[in-house]
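Worksheet for the structure shown next.
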Amino acid sequence: MGATIKIAIIGAGYMARIFSDNAHQLGIETHCFAWEKGAVAADFVDYFYPISIFEKDQILELCKEIEITGVVATTELTIPIAAYIAEKLNLNGISYDDAQKITNKYRNRMCTLDVQNLNQPRFALVSTKNDIFKLNFKLPFVLKPSNLGGEKRRFSC
């Protein structure tokens, strides 16, 4: 019999529960990392670690000890963390650099501006409340961070 497959699930929301249920059907051991508060998947995984998903180096060290063989993200927010851990463990996954890029909505809109037949909503990058008022967008409109925490970054397509 082969070695046990062990996956790290980053985040403990509803998707983590679904991943855990599916993994168990396949005989895969699940290790979930997230805050304890609101951790929907905590009672459905084999092992739950009450560690903030942003403590990626702490999670990485535990994953090394556990001998994790795969990492999955459960939300857009967890994609870069999962990529970071997979990259450091030399597991399949996207690079940490690419994970940070693909979760930047503004960057992605700018990279696809010239794609024919791709309809996009109006969008703008704003940094202050005054920038929002200067846009002159009609209400209602959606305001959300361009990426994860909404921090401004340089990007390239």
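Chain labels follow the order of the structure tokens: the first chain is A, the next B, and so on; residue numbering restarts at 1 in every chain, and ligands are counted from 1 in their shown order.
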Give the alpha helix (DSSP H) residues of chain A, as DSSP finds them on the backbone, and put them as an NGL selection string.
-> :A and (14-25 or 56-66 or 79-88 or 96-102 or 105-111 or 129-135)
Neighbour list for segment 23-29 of chain A as number ranges by chain, cut-off 6 Å, only C-alpha atoms, skip fewer than 4 positions in-chain = A: 5-6, 19
Mind checking which residues fall within 10 Å of segment 8-15 of chain A, counting only C-alpha atoms, ignoring those fewer than 5 positions away in the same chain, and posting them as a VMD selection string?
-> chain A and resid 20 to 21 29 to 45 47 to 54 56 59 to 60 62 to 63 66 to 75 77 to 79 81 to 82 85 to 86
Output C-alpha atoms of each residue in that selection to a file, as a JSON list (two decimals), in the first residue's frame.
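part-v2.json was written with the following content:
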[["chain", "number", "residue", "atom", "x", "y", "z"],
["A", 20, "SER", "CA", -12.93, 17.63, 2.74],
["A", 21, "ASP", "CA", -16.00, 15.51, 1.97],
["A", 29, "GLU", "CA", -6.35, 12.78, 4.73],
["A", 30, "THR", "CA", -7.37, 16.43, 5.27],
["A", 31, "HIS", "CA", -5.58, 19.14, 7.22],
["A", 32, "CYS", "CA", -7.38, 22.48, 7.44],
["A", 33, "PHE", "CA", -5.85, 25.83, 8.40],
["A", 34, "ALA", "CA", -8.00, 28.83, 9.38],
["A", 35, "TRP", "CA", -9.26, 30.94, 12.23],
["A", 36, "GLU", "CA", -11.47, 29.00, 14.59],
["A", 37, "LYS", "CA", -14.29, 31.57, 14.50],
["A", 38, "GLY", "CA", -16.68, 30.69, 11.70],
["A", 39, "ALA", "CA", -14.70, 27.59, 10.70],
["A", 40, "VAL", "CA", -17.52, 25.66, 9.01],
["A", 41, "ALA", "CA", -15.21, 22.81, 7.99],
["A", 42, "ALA", "CA", -13.52, 22.34, 11.38],
["A", 43, "ASP", "CA", -15.68, 19.35, 12.35],
["A", 44, "PHE", "CA", -15.46, 17.73, 8.92],
["A", 45, "VAL", "CA", -11.69, 17.55, 8.36],
["A", 47, "TYR", "CA", -7.17, 17.74, 11.44],
["A", 48, "PHE", "CA", -8.00, 21.37, 12.10],
["A", 49, "TYR", "CA", -5.35, 23.96, 12.97],
["A", 50, "PRO", "CA", -6.66, 27.28, 14.37],
["A", 51, "ILE", "CA", -4.06, 29.39, 12.59],
["A", 52, "SER", "CA", -4.77, 32.51, 10.56],
["A", 53, "ILE", "CA", -4.41, 31.87, 6.85],
["A", 54, "PHE", "CA", -2.09, 34.88, 6.75],
["A", 56, "LYS", "CA", 1.75, 31.35, 5.79],
["A", 59, "ILE", "CA", 1.36, 26.91, 8.06],
["A", 60, "LEU", "CA", 4.29, 25.97, 5.83],
["A", 62, "LEU", "CA", 3.37, 22.50, 9.92],
["A", 63, "CYS", "CA", 2.84, 21.24, 6.37],
["A", 66, "ILE", "CA", 2.85, 16.64, 8.42],
["A", 67, "GLU", "CA", 4.39, 15.77, 5.03],
["A", 68, "ILE", "CA", 1.57, 17.36, 3.06],
["A", 69, "THR", "CA", 1.33, 16.09, -0.52],
["A", 70, "GLY", "CA", -1.12, 18.65, -1.92],
["A", 71, "VAL", "CA", -2.54, 22.10, -1.17],
["A", 72, "VAL", "CA", -5.92, 23.57, -2.11],
["A", 73, "ALA", "CA", -7.28, 27.10, -1.86],
["A", 74, "THR", "CA", -10.90, 27.59, -0.87],
["A", 75, "THR", "CA", -11.45, 31.24, -1.87],
["A", 77, "LEU", "CA", -8.23, 35.18, -0.65],
["A", 78, "THR", "CA", -6.51, 31.85, -0.06],
["A", 79, "ILE", "CA", -5.12, 31.38, -3.59],
["A", 81, "ILE", "CA", -1.31, 31.39, 0.41],
["A", 82, "ALA", "CA", -1.96, 27.96, -1.11],
["A", 85, "ILE", "CA", 2.92, 26.73, 0.41],
["A", 86, "ALA", "CA", 2.78, 24.48, -2.66]]
Within 12 Å of Asp97 of chain A using only C-alpha atoms, minus same-chain residues under 5 positions, as a count of residues only | 12
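Between atom CA of Pro145 of chain A and atom CA of Asp98 of chain A lies a distance of 18.2 Å.
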